[in-house]
Amino acid sequence: MQRLQKLGRAALLSATFLSVTALVPVGPGPFSVTTAEAAVARTIEVRGNTRIERETVLSYLTIQPGRNYTSSDIDESLKALFATGLFATVDIQPRGGTVVVTVTENPIINQVAFEGNRKVNDNALRTAIRSQERSMLTRARVESDVQNILEAYRRSGRFDASVEPKIIDRGSNRVDLVFEINEGDKTGVERISFIGNNSFSDGRLRDVIRTRQSGLLSWLRSTDTYDPDRLAADQEALREYYNRKGYADFRVVSATADLDREQNVFFVTFTVDEGERYEFGDVEVVSSIPDIDVNDLYSEVRTRPGNRFDSLRVEQSVEDLTLKASELGYAFAQVRPRALRNYEDNTISLIYYIEEGPRAYVERINIIGNDRTREYVIRREFDLAEGDAFNRVLLDKAERRLNNLDFFDSVRISTARGSAPDRVVINVEVMEKATGAVSFGVGYSTSDGVIGDISVSERNFLGRGQFVKVGVGGGTDTQTYEFQFVEPFFLGRRIALSLDAYRRVQDSNDYRSFNEEQTGGGFGFTLPLREEELRLRLYYNIFQEKNEDPDSKSTGVGNCDTSRLSLAVCDSLGEYMTSLVGYQLIYNTLNRNINPTDGFYASFGQEFAGLGGDSTWIKTTAKGRAFHEVLPDYGIVGAVKLEGGHIHALTDDRLRVPEQFMLGGNLVRGFENRGIGPRDSSTDDAIGGRFYVAGSLEATFPFPILPPEIGLSGSVFADAGSVWDADDDLVNIVNGGPGTVLSNGFDIRSSVGVGIQWQSPFGPLRADFAWPVSKQDEDKTQLFRLSGGTRF
């Protein structure tokens, strides 16, 4: 039997060989074919096509009627027809002088559907696939679509997802394409580890990066999943953090994310090399441009000898020196910092070299990806325009500005060669994100009880880069209404115009013996004196104030119930118009405005009332806040806060009670609101003072036992302050009646305490327990204070 099978196979091979050699003439060498002896296609017949025209099929063939062809022509024609994506199968067979092309057309997709998807919606999946309705169905495209869908789920943190395509025949060579999706469970980041970090703990570095470990609050956030783009951004965030802390040689050796498929979790590991910590050594400015006097440029340098090394200060110094050289007429000037390390005393000396750069001009700036944001909103963040001298430093500055707008998920600026060697094309690619928000909140404070508000805001109104907010709020004793509008580029300049209108209604309560209503509005201009740090705000405000006795609704002294209300309060009842102008100088180097851990904030301002209206006074206030990581390994942040103010009547008119400063638990914990300062002995009403000062020392720390995702932290603090020197006329009014003014002198009150803060999913909450250390007999104390709110 085996012998017969072998004979049969041999016969079949022989027959096949003879049939092939019979069709192909043999040349001089064995099995060689010459063009002259190739077969000739007299006719070409197309079979199997129903929708596609015969001429369309023929147009892809390299075989032509009446011309010679070889086996290579058949192969090329097969490849060309398959490459069109129009056919599921293609067969080309020579039959005598006729070449028969048999095709099976790919079906038309009638409908594309998704089943089983809940975490990623249909619209997001449709943008990820290539198969579309009324297009040809191809196996390669479907397989590619499956991978794209899986990638979309990986991007959303679901690496356990699976996709199975289903094809439903609808007749007439039309099909429905259905992707059946099993989304699987969320693939979280189980643990984030650091190797090589000696100066900062793992917990501190986890706060620096965006990726978070999975925990109790994972259902509220998406940053506890693996994202390669986020991991790359985390590496840059670590570099920036270390560089700003003085570690100029820091580098991320590796960043890996290992997937445990059994547990469906990732283990992320950063291996770092911290290097040594440096301080700034000598700083020098050198110019190769003769007409530039370097002595005039040292004021632009932000790196000071003896200060901790900070890469951002170096970058800002380069930008400021470049702009200064441009102002002096050297548009092509380049500033190159050179760092000289002294490894013995761990200092870095800097030399800023100023030299003439290559003469290149901006030919064109292309804006890509801004579907909503107006193009001029992006262009105005550049300090250069088309036709200006090209400068890479100004380009980096523009990229940072665009990121700070918070209008875009990503910003990428690249350059390309222009139409000539000295022409540069700038390409700006942005990916927009949602900038509108509808929020509502609920909270509680010891002073105002339950409060709530709802607001609608838009940071990029109509794509013009403007901010608009409308909000209303209310509570047990308060009602608020507000409208805000900010144009960041007024008249085409980097000057912010702000408009606002508001109404506040506050009923009497345990801390305030009269009703207050205030309705007003105003406008202001904010000018950057030194970008990102120093700003000047000029503003005008006008408001109508109405104060009344809550029982008699009286608006004057004659109808005021002096057995309940102080004569000073009664003197302040009524309706008053206040028209004022003011300015505020702000210096801010905080690393972030909410829960800062490093930096300094200071402000100084004055308000002048008397441009019409019923009030004439000048008010001066000053504030300062400094934050520093005392023990970074343990997350302990120290804060020092100090503020004070003075108000002075400009005419013989006396100040009213609401115009004076009030002090209490808002600044000195352990005391009630309005619990400190001048007070009417007969009614116990606070009447305020013309001076106030308050300060605080506080250290905050995370709870070491609880997982960080809970958001609980503690604090210890010491507060001190005083308000004194009530308006003399108010004092005379009170002393001329049944009572006297108590606690009118400069007597410091102080307290110590502990606090608990919870960064809850619904907003920050804070509880403070404070014990007065020094106080006056007339002061109102308060052991426990609760405050907080929420935003959804």
# chains A, B, ... in the order shown; residues from 1 in each chain; ligands from 1

call {"tool": "select_by_dssp", "arguments": {"residues": "range 477-603 of chain A", "states": "strand (DSSP E)", "output": "ChimeraX atom specification"}}
result
/A:478-487,496-506,515-530,534-548,574-588,599-603

call {"tool": "residues_around", "arguments": {"residues": "Phe382 in chain A", "least_positions_apart": "2", "cutoff": "10 Å", "atoms": "only C-alpha atoms", "output": "VMD selection string"}}
result
chain A and resid 377 to 380 384 to 385 394 to 399 401 to 402

call {"tool": "write_last_selection", "arguments": {"atoms": "N, CA and C atoms", "output": "compact mmCIF listing (two decimals), in the first residue's frame"}}
result
# COMPACT_ATOMS: atom_id res chain seq x y z
N VAL A 377 -5.89 84.02 20.37
CA VAL A 377 -5.68 83.73 21.78
C VAL A 377 -4.36 82.98 21.98
N ILE A 378 -4.02 82.13 21.02
CA ILE A 378 -2.76 81.38 21.09
C ILE A 378 -1.60 82.26 20.66
N ARG A 379 -1.78 83.02 19.59
CA ARG A 379 -0.68 83.84 19.07
C ARG A 379 -0.24 84.91 20.05
N ARG A 380 -1.15 85.45 20.84
CA ARG A 380 -0.77 86.54 21.73
C ARG A 380 0.10 86.08 22.90
N LEU A 384 6.99 86.88 19.99
CA LEU A 384 7.46 87.10 18.63
C LEU A 384 6.32 86.82 17.66
N ALA A 385 6.39 87.44 16.50
CA ALA A 385 5.35 87.29 15.48
C ALA A 385 6.03 87.00 14.15
N LEU A 394 12.39 82.52 23.58
CA LEU A 394 11.03 83.07 23.58
C LEU A 394 10.01 82.01 23.18
N LEU A 395 10.44 81.04 22.41
CA LEU A 395 9.54 79.94 22.03
C LEU A 395 9.24 79.07 23.24
N ASP A 396 10.24 78.76 24.03
CA ASP A 396 10.03 77.95 25.24
C ASP A 396 9.14 78.70 26.23
N LYS A 397 9.32 80.00 26.29
CA LYS A 397 8.49 80.81 27.19
C LYS A 397 7.03 80.78 26.76
N ALA A 398 6.79 80.85 25.46
CA ALA A 398 5.42 80.79 24.95
C ALA A 398 4.78 79.43 25.25
N GLU A 399 5.56 78.38 25.15
CA GLU A 399 5.01 77.05 25.45
C GLU A 399 4.59 76.96 26.91
N ARG A 401 3.68 79.48 28.79
CA ARG A 401 2.48 80.31 28.95
C ARG A 401 1.23 79.58 28.48
N LEU A 402 1.32 78.90 27.34
CA LEU A 402 0.16 78.18 26.81
C LEU A 402 -0.27 77.07 27.76

call {"tool": "residues_around", "arguments": {"residues": "Ala255 in chain A", "least_positions_apart": "5", "cutoff": "12 Å", "atoms": "only C-alpha atoms", "output": "PDB file with N, CA and C atoms, in the first residue's frame"}}
result
ATOM      1  N   ILE A 192       3.615  52.213  43.829  1.00  0.00           N
ATOM      2  CA  ILE A 192       4.615  53.063  43.181  1.00  0.00           C
ATOM      3  C   ILE A 192       5.838  53.083  44.081  1.00  0.00           C
ATOM      4  N   SER A 193       6.944  52.604  43.564  1.00  0.00           N
ATOM      5  CA  SER A 193       8.166  52.499  44.355  1.00  0.00           C
ATOM      6  C   SER A 193       9.269  53.347  43.738  1.00  0.00           C
ATOM      7  N   PHE A 194      10.186  53.754  44.593  1.00  0.00           N
ATOM      8  CA  PHE A 194      11.341  54.538  44.156  1.00  0.00           C
ATOM      9  C   PHE A 194      12.610  53.865  44.659  1.00  0.00           C
ATOM     10  N   ILE A 195      13.594  53.801  43.805  1.00  0.00           N
ATOM     11  CA  ILE A 195      14.893  53.228  44.146  1.00  0.00           C
ATOM     12  C   ILE A 195      15.953  54.304  43.944  1.00  0.00           C
ATOM     13  N   TYR A 226      -2.351  52.980  34.701  1.00  0.00           N
ATOM     14  CA  TYR A 226      -1.102  53.155  33.955  1.00  0.00           C
ATOM     15  C   TYR A 226      -1.372  53.856  32.638  1.00  0.00           C
ATOM     16  N   PRO A 228       1.254  55.466  29.597  1.00  0.00           N
ATOM     17  CA  PRO A 228       2.663  55.736  29.236  1.00  0.00           C
ATOM     18  C   PRO A 228       2.963  57.215  29.086  1.00  0.00           C
ATOM     19  N   ASP A 229       2.011  57.993  28.574  1.00  0.00           N
ATOM     20  CA  ASP A 229       2.249  59.431  28.454  1.00  0.00           C
ATOM     21  C   ASP A 229       2.352  60.080  29.828  1.00  0.00           C
ATOM     22  N   ARG A 230       1.486  59.651  30.756  1.00  0.00           N
ATOM     23  CA  ARG A 230       1.546  60.209  32.102  1.00  0.00           C
ATOM     24  C   ARG A 230       2.839  59.800  32.797  1.00  0.00           C
ATOM     25  N   LEU A 231       3.301  58.581  32.534  1.00  0.00           N
ATOM     26  CA  LEU A 231       4.549  58.126  33.135  1.00  0.00           C
ATOM     27  C   LEU A 231       5.722  58.972  32.639  1.00  0.00           C
ATOM     28  N   ALA A 232       5.708  59.323  31.364  1.00  0.00           N
ATOM     29  CA  ALA A 232       6.755  60.200  30.833  1.00  0.00           C
ATOM     30  C   ALA A 232       6.680  61.588  31.474  1.00  0.00           C
ATOM     31  N   ALA A 233       5.454  62.088  31.664  1.00  0.00           N
ATOM     32  CA  ALA A 233       5.287  63.389  32.326  1.00  0.00           C
ATOM     33  C   ALA A 233       5.731  63.320  33.780  1.00  0.00           C
ATOM     34  N   ASP A 234       5.528  62.161  34.422  1.00  0.00           N
ATOM     35  CA  ASP A 234       5.973  61.997  35.803  1.00  0.00           C
ATOM     36  C   ASP A 234       7.489  62.081  35.918  1.00  0.00           C
ATOM     37  N   GLN A 235       8.191  61.527  34.950  1.00  0.00           N
ATOM     38  CA  GLN A 235       9.650  61.611  34.966  1.00  0.00           C
ATOM     39  C   GLN A 235      10.111  63.058  34.862  1.00  0.00           C
ATOM     40  N   GLU A 236       9.437  63.813  34.006  1.00  0.00           N
ATOM     41  CA  GLU A 236       9.789  65.227  33.867  1.00  0.00           C
ATOM     42  C   GLU A 236       9.457  65.990  35.149  1.00  0.00           C
ATOM     43  N   LEU A 238       9.512  64.775  38.192  1.00  0.00           N
ATOM     44  CA  LEU A 238      10.552  64.444  39.168  1.00  0.00           C
ATOM     45  C   LEU A 238      11.828  65.240  38.896  1.00  0.00           C
ATOM     46  N   PHE A 267       2.709  47.478  38.790  1.00  0.00           N
ATOM     47  CA  PHE A 267       3.691  47.875  39.783  1.00  0.00           C
ATOM     48  C   PHE A 267       4.665  48.821  39.078  1.00  0.00           C
ATOM     49  N   VAL A 268       4.638  50.104  39.487  1.00  0.00           N
ATOM     50  CA  VAL A 268       5.453  51.138  38.855  1.00  0.00           C
ATOM     51  C   VAL A 268       6.689  51.382  39.702  1.00  0.00           C
ATOM     52  N   THR A 269       7.843  51.400  39.047  1.00  0.00           N
ATOM     53  CA  THR A 269       9.102  51.589  39.757  1.00  0.00           C
ATOM     54  C   THR A 269       9.934  52.662  39.054  1.00  0.00           C
ATOM     55  N   PHE A 270      10.344  53.664  39.815  1.00  0.00           N
ATOM     56  CA  PHE A 270      11.254  54.696  39.325  1.00  0.00           C
ATOM     57  C   PHE A 270      12.623  54.471  39.958  1.00  0.00           C
ATOM     58  N   THR A 271      13.627  54.327  39.137  1.00  0.00           N
ATOM     59  CA  THR A 271      14.996  54.246  39.624  1.00  0.00           C
ATOM     60  C   THR A 271      15.667  55.587  39.341  1.00  0.00           C
ATOM     61  N   VAL A 272      16.152  56.251  40.390  1.00  0.00           N
ATOM     62  CA  VAL A 272      16.666  57.610  40.252  1.00  0.00           C
ATOM     63  C   VAL A 272      18.097  57.687  40.776  1.00  0.00           C
TER      64      VAL A 272
END

call {"tool": "residues_around", "arguments": {"residues": "Val286 in chain A", "least_positions_apart": "3", "cutoff": "12 Å", "atoms": "only C-alpha atoms", "output": "list of chain:residue names"}}
result
A:Val283, A:Ile289, A:Pro290, A:Ile292, A:Asp293, A:Val294, A:Asn295, A:Asp296, A:Leu297, A:Tyr298, A:Leu321, A:Gln334, A:Val335, A:Arg336, A:Pro337, A:Arg338, A:Leu350, A:Ile351, A:Tyr352, A:Tyr353, A:Ile354, A:Glu355

call {"tool": "closest_residue", "arguments": {"among": "A:Lys433, A:Ala416, A:Ile52, A:Ala331", "to": "Gly369 in chain A", "atoms": "only C-alpha atoms"}}
result
A:Lys433

call {"tool": "decode", "arguments": {"residues": "range 394-444 of chain A", "atoms": "N, CA and C atoms", "output": "compact mmCIF listing (two decimals), in the first residue's frame"}}
result
# COMPACT_ATOMS: atom_id res chain seq x y z
N LEU A 394 12.39 82.52 23.58
CA LEU A 394 11.03 83.07 23.58
C LEU A 394 10.01 82.01 23.18
N LEU A 395 10.44 81.04 22.41
CA LEU A 395 9.54 79.94 22.03
C LEU A 395 9.24 79.07 23.24
N ASP A 396 10.24 78.76 24.03
CA ASP A 396 10.03 77.95 25.24
C ASP A 396 9.14 78.70 26.23
N LYS A 397 9.32 80.00 26.29
CA LYS A 397 8.49 80.81 27.19
C LYS A 397 7.03 80.78 26.76
N ALA A 398 6.79 80.85 25.46
CA ALA A 398 5.42 80.79 24.95
C ALA A 398 4.78 79.43 25.25
N GLU A 399 5.56 78.38 25.15
CA GLU A 399 5.01 77.05 25.45
C GLU A 399 4.59 76.96 26.91
N ARG A 400 5.39 77.52 27.81
CA ARG A 400 5.03 77.50 29.22
C ARG A 400 3.78 78.34 29.47
N ARG A 401 3.68 79.48 28.79
CA ARG A 401 2.48 80.31 28.95
C ARG A 401 1.23 79.58 28.48
N LEU A 402 1.32 78.90 27.34
CA LEU A 402 0.16 78.18 26.81
C LEU A 402 -0.27 77.07 27.76
N ASN A 403 0.69 76.38 28.35
CA ASN A 403 0.34 75.35 29.32
C ASN A 403 -0.33 75.94 30.55
N ASN A 404 0.13 77.12 30.97
CA ASN A 404 -0.45 77.75 32.16
C ASN A 404 -1.86 78.26 31.93
N LEU A 405 -2.27 78.44 30.68
CA LEU A 405 -3.64 78.87 30.41
C LEU A 405 -4.65 77.84 30.88
N ASP A 406 -4.26 76.56 30.89
CA ASP A 406 -5.14 75.46 31.29
C ASP A 406 -6.32 75.31 30.33
N PHE A 407 -6.08 75.66 29.05
CA PHE A 407 -7.09 75.45 28.03
C PHE A 407 -6.85 74.14 27.27
N PHE A 408 -5.65 73.58 27.42
CA PHE A 408 -5.25 72.47 26.55
C PHE A 408 -4.73 71.29 27.38
N ASP A 409 -5.03 70.09 26.87
CA ASP A 409 -4.47 68.89 27.47
C ASP A 409 -2.99 68.77 27.16
N SER A 410 -2.60 69.21 25.98
CA SER A 410 -1.19 69.15 25.61
C SER A 410 -0.86 70.29 24.66
N VAL A 411 0.39 70.74 24.73
CA VAL A 411 0.90 71.79 23.85
C VAL A 411 2.27 71.33 23.35
N ARG A 412 2.44 71.33 22.04
CA ARG A 412 3.72 70.94 21.46
C ARG A 412 4.11 71.96 20.40
N ILE A 413 5.29 72.57 20.59
CA ILE A 413 5.79 73.56 19.64
C ILE A 413 7.05 73.01 18.99
N SER A 414 7.05 72.97 17.66
CA SER A 414 8.20 72.47 16.91
C SER A 414 8.53 73.47 15.81
N THR A 415 9.72 73.32 15.24
CA THR A 415 10.16 74.21 14.17
C THR A 415 10.52 73.41 12.94
N ALA A 416 10.40 74.06 11.80
CA ALA A 416 10.79 73.44 10.52
C ALA A 416 11.46 74.51 9.66
N ARG A 417 12.24 74.04 8.71
CA ARG A 417 12.94 74.98 7.84
C ARG A 417 11.95 75.66 6.92
N GLY A 418 12.15 76.95 6.71
CA GLY A 418 11.25 77.72 5.86
C GLY A 418 11.67 77.70 4.41
N SER A 419 11.22 78.69 3.68
CA SER A 419 11.48 78.75 2.24
C SER A 419 12.92 79.16 1.92
N ALA A 420 13.65 79.59 2.93
CA ALA A 420 15.05 79.98 2.75
C ALA A 420 15.82 79.55 3.99
N PRO A 421 17.15 79.47 3.90
CA PRO A 421 17.93 79.03 5.05
C PRO A 421 17.76 79.90 6.29
N ASP A 422 17.43 81.17 6.11
CA ASP A 422 17.27 82.06 7.26
C ASP A 422 15.80 82.26 7.64
N ARG A 423 14.95 81.33 7.23
CA ARG A 423 13.53 81.40 7.55
C ARG A 423 13.14 80.16 8.35
N VAL A 424 12.33 80.38 9.40
CA VAL A 424 11.91 79.30 10.28
C VAL A 424 10.39 79.28 10.35
N VAL A 425 9.81 78.09 10.22
CA VAL A 425 8.37 77.90 10.38
C VAL A 425 8.11 77.29 11.75
N ILE A 426 7.22 77.90 12.49
CA ILE A 426 6.88 77.42 13.84
C ILE A 426 5.53 76.72 13.78
N ASN A 427 5.47 75.49 14.23
CA ASN A 427 4.24 74.71 14.28
C ASN A 427 3.80 74.53 15.73
N VAL A 428 2.59 74.97 16.02
CA VAL A 428 2.03 74.88 17.37
C VAL A 428 0.87 73.90 17.32
N GLU A 429 1.04 72.76 17.97
CA GLU A 429 0.00 71.73 18.01
C GLU A 429 -0.59 71.69 19.42
N VAL A 430 -1.91 71.87 19.50
CA VAL A 430 -2.58 71.86 20.79
C VAL A 430 -3.71 70.84 20.77
N MET A 431 -4.02 70.32 21.95
CA MET A 431 -5.16 69.43 22.12
C MET A 431 -6.05 70.05 23.19
N GLU A 432 -7.23 70.49 22.78
CA GLU A 432 -8.10 71.25 23.67
C GLU A 432 -8.78 70.33 24.70
N LYS A 433 -9.20 70.96 25.81
CA LYS A 433 -9.96 70.22 26.81
C LYS A 433 -11.12 71.10 27.27
N ALA A 434 -12.03 70.49 28.00
CA ALA A 434 -13.20 71.22 28.48
C ALA A 434 -12.77 72.30 29.47
N THR A 435 -13.32 73.50 29.29
CA THR A 435 -12.97 74.62 30.16
C THR A 435 -14.18 75.18 30.91
N GLY A 436 -15.36 74.67 30.65
CA GLY A 436 -16.55 75.12 31.35
C GLY A 436 -16.85 74.22 32.53
N ALA A 437 -17.55 74.75 33.51
CA ALA A 437 -17.89 73.96 34.69
C ALA A 437 -19.20 74.46 35.28
N VAL A 438 -19.99 73.52 35.70
CA VAL A 438 -21.17 73.81 36.51
C VAL A 438 -20.91 73.16 37.86
N SER A 439 -20.85 73.95 38.91
CA SER A 439 -20.50 73.41 40.22
C SER A 439 -21.52 73.85 41.25
N PHE A 440 -21.71 73.00 42.22
CA PHE A 440 -22.53 73.39 43.36
C PHE A 440 -21.86 72.87 44.61
N GLY A 441 -22.11 73.52 45.70
CA GLY A 441 -21.39 73.17 46.91
C GLY A 441 -22.28 73.22 48.13
N VAL A 442 -21.87 72.50 49.13
CA VAL A 442 -22.53 72.48 50.42
C VAL A 442 -21.45 72.50 51.47
N GLY A 443 -21.63 73.27 52.52
CA GLY A 443 -20.63 73.32 53.57
C GLY A 443 -21.23 73.78 54.87
N TYR A 444 -20.36 73.87 55.84
CA TYR A 444 -20.79 74.31 57.16
C TYR A 444 -19.66 75.08 57.81
